[in-house]
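Peer 1: Sharing a structure here in structure tokens format.
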Amino acid sequence: MAEKIDISERISYIKATENPLSADIGMVLGDEYLWLFDIGADKAALEEVLKIQKPKKLVISHFHPDHTGNFEHAVFEETFVGVNTFKYTHAGTIVEKEVFIDDGIKIHIFPLPSSHAKGSVGMEAGEYAFLGDATYATAKQGRVCYNASVLKEEIAVLKKLSAKYFLISHDEKYVQKKEKIIAELEEIYSKRDPKESYIWL
């Protein structure tokens, strides 16, 4: 059974699972719509989402199947995706610049540079920013690394957000302070070799 956890009166999420591998599904209760951040791959999680009788809008953080697996099994009023994700969904509004919507809570959808998945998208809702896997590293040649220039861009975007808390998918501590996450990324960036494109961990 999918586990739904309330963060605030309007913000909740369905916890990620390992088997099947399925990302956290963020949920924001707007006046008119239920805003979803990622849709996961676990059918039980989708069933939990569909219990909420409200028209739904979806923001997909990136194209990996644990974040998009349930996409074809539900109907959404509108879907927002990054350009790389569009290649997989073949549907949705491509987020190439910031989108601002007021639905009783201020929604801010934005492109998010990420080493983990090119063309990622984030979503702010009040004091919270859903980031998916965007703060994670990638793997090249069997080694874990960050793209140095992309990480620098990502830190700049994250610093400009007004949210106090970042919501990080697959992390046991889903809700984390903005300052903590930025400090961790800056620590990684400080280890870069100016002659290298990647920061090897």
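Naming scheme: A, B, ... for chains in displayed order of the structure tokens; residues 1 onward per chain; ligands 1 onward as shown.
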Which residues of segment 46-149 of chain A come within 10 Å of segment 169-173 of chain A, and for each one, what is the closest pair of atoms and their distance in Å to one decimal, counting only C-alpha atoms, sorted by chain and residue number, as a Markdown table?

Peer 2:
| residue | atom | partner | partner_atom | distance |
| --- | --- | --- | --- | --- |
| A:His67 | CA | A:Ser169 | CA | 9.5 |
| A:Phe130 | CA | A:Ser169 | CA | 8.3 |
| A:Leu131 | CA | A:Ser169 | CA | 7.3 |
| A:Gly132 | CA | A:Ser169 | CA | 4.8 |
| A:Asp133 | CA | A:Ser169 | CA | 5.7 |
| A:Ala134 | CA | A:Ser169 | CA | 8.9 |
| A:Thr135 | CA | A:Ser169 | CA | 9.5 |
| A:Tyr136 | CA | A:Ser169 | CA | 9.7 |

Peer 1: Could you save the residues just selected, with all heavy atoms, as an mmCIF file, in the first residue's frame?

Peer 2:
data_model
loop_
_atom_site.group_PDB
_atom_site.id
_atom_site.type_symbol
_atom_site.label_atom_id
_atom_site.label_comp_id
_atom_site.auth_asym_id
_atom_site.auth_seq_id
_atom_site.Cartn_x
_atom_site.Cartn_y
_atom_site.Cartn_z
ATOM 1 N N HIS A 67 10.077 8.018 -12.401
ATOM 2 C CA HIS A 67 9.355 9.285 -12.244
ATOM 3 C C HIS A 67 8.195 9.413 -13.232
ATOM 4 O O HIS A 67 7.300 10.221 -13.026
ATOM 5 C CB HIS A 67 10.318 10.470 -12.440
ATOM 6 C CG HIS A 67 11.372 10.544 -11.389
ATOM 7 N ND1 HIS A 67 11.341 11.453 -10.356
ATOM 8 C CD2 HIS A 67 12.488 9.792 -11.191
ATOM 9 C CE1 HIS A 67 12.393 11.263 -9.576
ATOM 10 N NE2 HIS A 67 13.107 10.262 -10.063
ATOM 11 N N PHE A 130 10.033 21.432 -4.966
ATOM 12 C CA PHE A 130 10.196 20.040 -5.382
ATOM 13 C C PHE A 130 11.318 19.983 -6.426
ATOM 14 O O PHE A 130 11.240 20.638 -7.458
ATOM 15 C CB PHE A 130 8.900 19.518 -6.005
ATOM 16 C CG PHE A 130 7.737 19.483 -5.053
ATOM 17 C CD1 PHE A 130 6.938 20.606 -4.871
ATOM 18 C CD2 PHE A 130 7.434 18.320 -4.352
ATOM 19 C CE1 PHE A 130 5.853 20.571 -3.999
ATOM 20 C CE2 PHE A 130 6.347 18.276 -3.473
ATOM 21 C CZ PHE A 130 5.556 19.408 -3.290
ATOM 22 N N LEU A 131 12.345 19.172 -6.141
ATOM 23 C CA LEU A 131 13.519 19.130 -7.026
ATOM 24 C C LEU A 131 13.732 17.765 -7.689
ATOM 25 O O LEU A 131 14.614 17.629 -8.538
ATOM 26 C CB LEU A 131 14.787 19.512 -6.245
ATOM 27 C CG LEU A 131 14.752 20.866 -5.522
ATOM 28 C CD1 LEU A 131 16.084 21.114 -4.839
ATOM 29 C CD2 LEU A 131 14.424 22.004 -6.485
ATOM 30 N N GLY A 132 12.953 16.757 -7.323
ATOM 31 C CA GLY A 132 13.165 15.434 -7.908
ATOM 32 C C GLY A 132 14.563 14.922 -7.594
ATOM 33 O O GLY A 132 15.019 14.974 -6.456
ATOM 34 N N ASP A 133 15.268 14.455 -8.624
ATOM 35 C CA ASP A 133 16.634 13.925 -8.475
ATOM 36 C C ASP A 133 17.693 14.935 -8.926
ATOM 37 O O ASP A 133 18.860 14.576 -9.108
ATOM 38 C CB ASP A 133 16.805 12.665 -9.337
ATOM 39 C CG ASP A 133 15.929 11.516 -8.889
ATOM 40 O OD1 ASP A 133 15.230 11.643 -7.871
ATOM 41 O OD2 ASP A 133 15.939 10.463 -9.575
ATOM 42 N N ALA A 134 17.288 16.186 -9.137
ATOM 43 C CA ALA A 134 18.160 17.157 -9.807
ATOM 44 C C ALA A 134 19.468 17.429 -9.081
ATOM 45 O O ALA A 134 20.460 17.806 -9.705
ATOM 46 C CB ALA A 134 17.407 18.476 -10.035
ATOM 47 N N THR A 135 19.503 17.239 -7.760
ATOM 48 C CA THR A 135 20.740 17.537 -7.026
ATOM 49 C C THR A 135 21.715 16.360 -7.021
ATOM 50 O O THR A 135 22.831 16.481 -6.514
ATOM 51 C CB THR A 135 20.428 17.933 -5.567
ATOM 52 O OG1 THR A 135 19.731 16.863 -4.932
ATOM 53 C CG2 THR A 135 19.580 19.201 -5.524
ATOM 54 N N TYR A 136 21.308 15.233 -7.593
ATOM 55 C CA TYR A 136 22.165 14.048 -7.590
ATOM 56 C C TYR A 136 23.207 14.097 -8.713
ATOM 57 O O TYR A 136 23.049 14.809 -9.699
ATOM 58 C CB TYR A 136 21.319 12.773 -7.742
ATOM 59 C CG TYR A 136 20.396 12.503 -6.575
ATOM 60 C CD1 TYR A 136 19.163 11.901 -6.774
ATOM 61 C CD2 TYR A 136 20.748 12.849 -5.277
ATOM 62 C CE1 TYR A 136 18.305 11.636 -5.709
ATOM 63 C CE2 TYR A 136 19.908 12.597 -4.207
ATOM 64 C CZ TYR A 136 18.687 11.993 -4.426
ATOM 65 O OH TYR A 136 17.843 11.730 -3.376
#

Peer 1: Could you list, as a list in words, every residue within 12 Å of Glu32 of chain A, counting only C-alpha atoms and ignoring same-chain residues fewer than 4 positions away?

Peer 2: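 Counting only the stated atoms, we get Val28, Gln53, Lys54, Pro55, Lys56, Lys57, Glu77, Ile101, Asp102, Asp103, Gly104 and Ile105 of chain A.
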
Peer 1: Just the residues within 8 Å of Ala137 of chain A, please, counting only C-alpha atoms, with nothing from its chain fewer than 6 positions along; format it as a list in words.

Peer 2: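 Returned residues: Ser115, His116, Val144, Cys145 and Tyr146 of chain A.
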
Peer 1: Hey, can you check how far atom CA of Glu3 of chain A sits from atom CA of Met27 of chain A?

Peer 2: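 Computed distance, atom CA of Glu3 of chain A to atom CA of Met27 of chain A, equals 12.7 Å.
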
Peer 1: Just to confirm, what's the straight-line distance from atom CA of Glu78 of chain A to atom CA of Val95 of chain A in Å (one decimal)?

Peer 2: 12.3 Å

Peer 1: Taking only C-alpha atoms into account, name the residue in A:Glu48, A:Glu72, A:Glu124, A:Asp66 that is nearest to Lys164 of chain A.

Peer 2: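 Residue with the minimum atom-to-atom distance to Lys164 of chain A: A:Glu124.
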
Peer 1: Running DSSP on the backbone, which parts of chain A land in helix (DSSP H, G or I), as a ChimeraX atom specification?

Peer 2: /A:43-50,65-68,71-73,83-89,148-160,178-189

Peer 1: Do you know which residues are at most 8 Å from Val81 of chain A counting only C-alpha atoms, after dropping those on the same chain fewer than 6 positions away, and could you put them as a list in words?

Peer 2: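 Listed by chain and then number, they are Val59, Ile60, Ser61, His62, Gly92, Thr93, Ile94, Val95 and Val121 of chain A.
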
Peer 1: Might you pull out every residue within 10 Å of Ala129 of chain A, with only C-alpha atoms counted and same-chain residues fewer than 4 positions away left off, and present them as a ChimeraX atom specification?

Peer 2: /A:26,107-109,122-125,158,161-168,175-176,178

Peer 1: Run DSSP on the backbone of this structure and report the residues of segment 88-137 of chain A it assigns to strand (DSSP E), as a list of chain:residue names.

Peer 2: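 Strand (DSSP E) members of segment 88-137 of chain A, listed: A:Thr93, A:Ile94, A:Val99, A:Phe100, A:Ile101, A:Asp102, A:Lys106, A:Ile107, A:His108, A:Ile109, A:Phe110, A:Pro111, A:Leu112, A:Ser120, A:Val121, A:Gly122, A:Met123, A:Glu124, A:Ala125, A:Tyr128, A:Ala129, A:Phe130, A:Leu131, A:Gly132.
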
Peer 1: To one decimal in Å, tell me the separation between atom CA of Asp42 of chain A and atom CA of Tyr174 of chain A.

Peer 2: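 Atom-to-atom, atom CA of Asp42 of chain A to atom CA of Tyr174 of chain A, that is 17.9 Å.
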
Peer 1: Could you pull the residues within 7 Å of Ala148 of chain A, counting only C-alpha atoms, minus those fewer than 4 positions along the same chain, as number ranges by chain?

Peer 2: A: 152, 189, 192, 197-199

Peer 1: Please produce a file of the residues just selected, as a JSON list (two decimals), in the first residue's frame, where the atoms kept are N, CA, C and O atoms.

Peer 2:
[["chain", "number", "residue", "atom", "x", "y", "z"],
["A", 152, "LYS", "N", 27.42, 24.51, -11.28],
["A", 152, "LYS", "CA", 27.50, 25.95, -10.97],
["A", 152, "LYS", "C", 26.18, 26.64, -11.33],
["A", 152, "LYS", "O", 25.65, 27.45, -10.55],
["A", 189, "TYR", "N", 31.22, 21.51, -5.41],
["A", 189, "TYR", "CA", 31.76, 22.39, -6.45],
["A", 189, "TYR", "C", 33.16, 22.90, -6.09],
["A", 189, "TYR", "O", 34.01, 23.08, -6.97],
["A", 192, "ARG", "N", 36.31, 21.07, -7.48],
["A", 192, "ARG", "CA", 36.54, 20.95, -8.91],
["A", 192, "ARG", "C", 38.01, 21.22, -9.26],
["A", 192, "ARG", "O", 38.68, 22.00, -8.60],
["A", 197, "SER", "N", 36.31, 19.00, -16.84],
["A", 197, "SER", "CA", 34.89, 19.35, -17.05],
["A", 197, "SER", "C", 34.01, 18.74, -15.97],
["A", 197, "SER", "O", 32.92, 19.23, -15.69],
["A", 198, "TYR", "N", 34.50, 17.64, -15.37],
["A", 198, "TYR", "CA", 33.71, 16.91, -14.38],
["A", 198, "TYR", "C", 34.38, 16.94, -13.01],
["A", 198, "TYR", "O", 35.61, 17.00, -12.91],
["A", 199, "ILE", "N", 33.55, 16.89, -11.98],
["A", 199, "ILE", "CA", 34.02, 16.76, -10.61],
["A", 199, "ILE", "C", 33.81, 15.30, -10.23],
["A", 199, "ILE", "O", 32.68, 14.83, -10.09]]

Peer 1: Residues within 8 Å of Glu96 of chain A, please, as a ChimeraX atom specification. Count only C-alpha atoms; anything in the same chain fewer than 3 positions from it doesn't count.

Peer 2: /A:82-83,110-111
